[in-house]
Amino acid sequence: TPAAGMTSQLLNWYEEGTWTPTYSGSGGSAGSLAYSEQTGKYTRIGRQVTVQGTIILTNKGSWSGRIQIAGFPFSSTSDQYSGQIELRNITFANGYAIMELGRASTSFARLILVSGIGANAEIDTSSAANNSGFLFTLTYFV
């Protein structure tokens, strides 16, 4: 019998698989966008999904605006999940970057530069180079 407030103790969904992460901007177009690596794995346990991905660019295309990572295997149902990201050949001011999957039902994550209390900013495509890399892990709920 479940404890008070619990509806079930059964594992009703377990799945592992692959997905293809994509790089884009909030504006512009793919243009001559090209990858040397574009791989992803995921694990879903119940409503929780953990994704891992690697994107290595050989041409960043004609994107403008904020950097976005998309192609997630499932859409989120709640707001703002953060994950870890390693950036290669990305230029930005002092601080560190996180990956944020925002707002319910969004299908992309954005990169946030954390540089102090209340001083967070989105990382723009102008910070990327033709050989930029993105290696990340993000856990969210569906």
# chains A, B, ... in the order shown; residues from 1 in each chain; ligands from 1
$ select_by_dssp --residues "chain A" --states "strand (DSSP E or B)" --output "ChimeraX atom specification"
/A:14-19,22-29,34-45,48-59,62-70,81-90,96-101,108-114,121-122,124,128-141
$ closest_residue --among "A:Ala109, A:Ala30, A:Leu57, A:Val114" --to "Ser75 (chain A)" --atoms "only C-alpha atoms"
A:Ala109
$ closest_residue --among "A:Leu87, A:Leu135, A:Ala129, A:Val142" --to "Phe72 (chain A)" --atoms "only C-alpha atoms"
A:Val142
$ closest_residue --among "A:Gln38, A:Thr43, A:Thr20, A:Ser126" --to "Ser62 (chain A)" --atoms "only C-alpha atoms"
A:Ser126
$ residues_around --residues "Arg110 (chain A)" --least-positions-apart "6" --cutoff "9 Å" --atoms "only C-alpha atoms" --output "tab-separated table (two decimals) with N, CA, C and O atoms, in the first residue's frame"
chain	number	residue	atom	x	y	z
A	66	ARG	N	20.19	34.41	-29.66
A	66	ARG	CA	20.71	33.52	-28.62
A	66	ARG	C	20.97	32.12	-29.17
A	66	ARG	O	20.28	31.64	-30.08
A	67	ILE	N	21.96	31.44	-28.59
A	67	ILE	CA	22.26	30.05	-28.95
A	67	ILE	C	21.16	29.16	-28.38
A	67	ILE	O	20.76	29.30	-27.23
A	68	GLN	N	20.69	28.22	-29.19
A	68	GLN	CA	19.67	27.26	-28.77
A	68	GLN	C	20.12	25.85	-29.13
A	68	GLN	O	20.69	25.62	-30.20
A	69	ILE	N	19.87	24.92	-28.23
A	69	ILE	CA	20.10	23.50	-28.47
A	69	ILE	C	18.72	22.85	-28.49
A	69	ILE	O	17.93	23.03	-27.56
A	70	ALA	N	18.41	22.09	-29.53
A	70	ALA	CA	17.08	21.51	-29.69
A	70	ALA	C	17.18	20.04	-30.08
A	70	ALA	O	18.26	19.47	-30.16
A	98	ILE	N	25.59	27.76	-17.94
A	98	ILE	CA	24.69	26.65	-17.66
A	98	ILE	C	23.76	26.51	-18.86
A	98	ILE	O	23.64	27.41	-19.68
A	99	MET	N	23.12	25.37	-18.93
A	99	MET	CA	22.14	25.12	-19.97
A	99	MET	C	20.78	25.13	-19.31
A	99	MET	O	20.58	24.51	-18.27
A	100	GLU	N	19.82	25.85	-19.88
A	100	GLU	CA	18.50	25.97	-19.26
A	100	GLU	C	17.42	25.60	-20.26
A	100	GLU	O	17.35	26.14	-21.36
A	101	LEU	N	16.61	24.63	-19.88
A	101	LEU	CA	15.42	24.28	-20.64
A	101	LEU	C	14.28	25.05	-20.00
A	101	LEU	O	13.93	24.81	-18.85
A	102	GLY	N	13.74	26.02	-20.71
A	102	GLY	CA	12.77	26.92	-20.10
A	102	GLY	C	11.35	26.65	-20.51
A	102	GLY	O	11.09	26.05	-21.54
A	122	GLU	N	21.82	35.57	-21.69
A	122	GLU	CA	21.86	34.49	-22.68
A	122	GLU	C	23.13	34.63	-23.51
A	122	GLU	O	23.59	35.74	-23.78
A	123	ILE	N	23.71	33.49	-23.92
A	123	ILE	CA	24.91	33.52	-24.74
A	123	ILE	C	24.48	33.61	-26.20
A	123	ILE	O	23.67	32.82	-26.68
$ atom_distance --atom1 "CA of Gly71 (chain A)" --atom2 "CA of Phe92 (chain A)"
24.9 Å
$ residues_around --residues "Gly83 (chain A)" --least-positions-apart "2" --cutoff "10 Å" --atoms "only C-alpha atoms" --output "list in words"
Thr50, Val51, Gln52, Tyr81, Ile85, Ala97, Ile98, Met99, Glu100, Leu101, Ala109, Leu111, Phe136, Thr137, Leu138, Thr139 and Tyr140 of chain A
$ atom_distance --atom1 "CA of Tyr14 (chain A)" --atom2 "CA of Thr39 (chain A)"
20.7 Å
$ residues_around --residues "Gly133 (chain A)" --least-positions-apart "2" --cutoff "6 Å" --atoms "only C-alpha atoms" --output "NGL selection string"
:A and (55-56 or 87-88)
$ residues_around --residues "Trp63 (chain A)" --least-positions-apart "3" --cutoff "7 Å" --atoms "only C-alpha atoms" --output "mmCIF file with N, CA and C atoms, in the first residue's frame"
data_model
loop_
_atom_site.group_PDB
_atom_site.id
_atom_site.type_symbol
_atom_site.label_atom_id
_atom_site.label_comp_id
_atom_site.auth_asym_id
_atom_site.auth_seq_id
_atom_site.Cartn_x
_atom_site.Cartn_y
_atom_site.Cartn_z
ATOM 1 N N SER A 24 21.193 25.949 -33.100
ATOM 2 C CA SER A 24 20.562 27.023 -33.873
ATOM 3 C C SER A 24 20.663 28.312 -33.083
ATOM 4 N N GLY A 25 20.113 29.362 -33.671
ATOM 5 C CA GLY A 25 19.980 30.639 -32.991
ATOM 6 C C GLY A 25 18.514 30.991 -32.915
ATOM 7 N N GLY A 27 17.294 33.579 -34.178
ATOM 8 C CA GLY A 27 16.979 34.248 -35.433
ATOM 9 C C GLY A 27 17.920 33.763 -36.522
ATOM 10 N N GLY A 28 17.747 34.287 -37.702
ATOM 11 C CA GLY A 28 18.609 33.897 -38.811
ATOM 12 C C GLY A 28 18.190 32.570 -39.414
ATOM 13 N N SER A 29 19.162 31.890 -40.025
ATOM 14 C CA SER A 29 18.865 30.613 -40.676
ATOM 15 C C SER A 29 20.075 29.689 -40.582
ATOM 16 N N ALA A 30 19.858 28.427 -40.915
ATOM 17 C CA ALA A 30 20.933 27.441 -40.845
ATOM 18 C C ALA A 30 22.050 27.779 -41.822
ATOM 19 N N THR A 125 24.884 33.887 -30.445
ATOM 20 C CA THR A 125 25.565 33.142 -31.504
ATOM 21 C C THR A 125 26.850 33.824 -31.946
#
$ closest_residue --among "A:Gln48, A:Asn59, A:Asn89, A:Asn12" --to "Ser32 (chain A)" --atoms "only C-alpha atoms"
A:Asn59
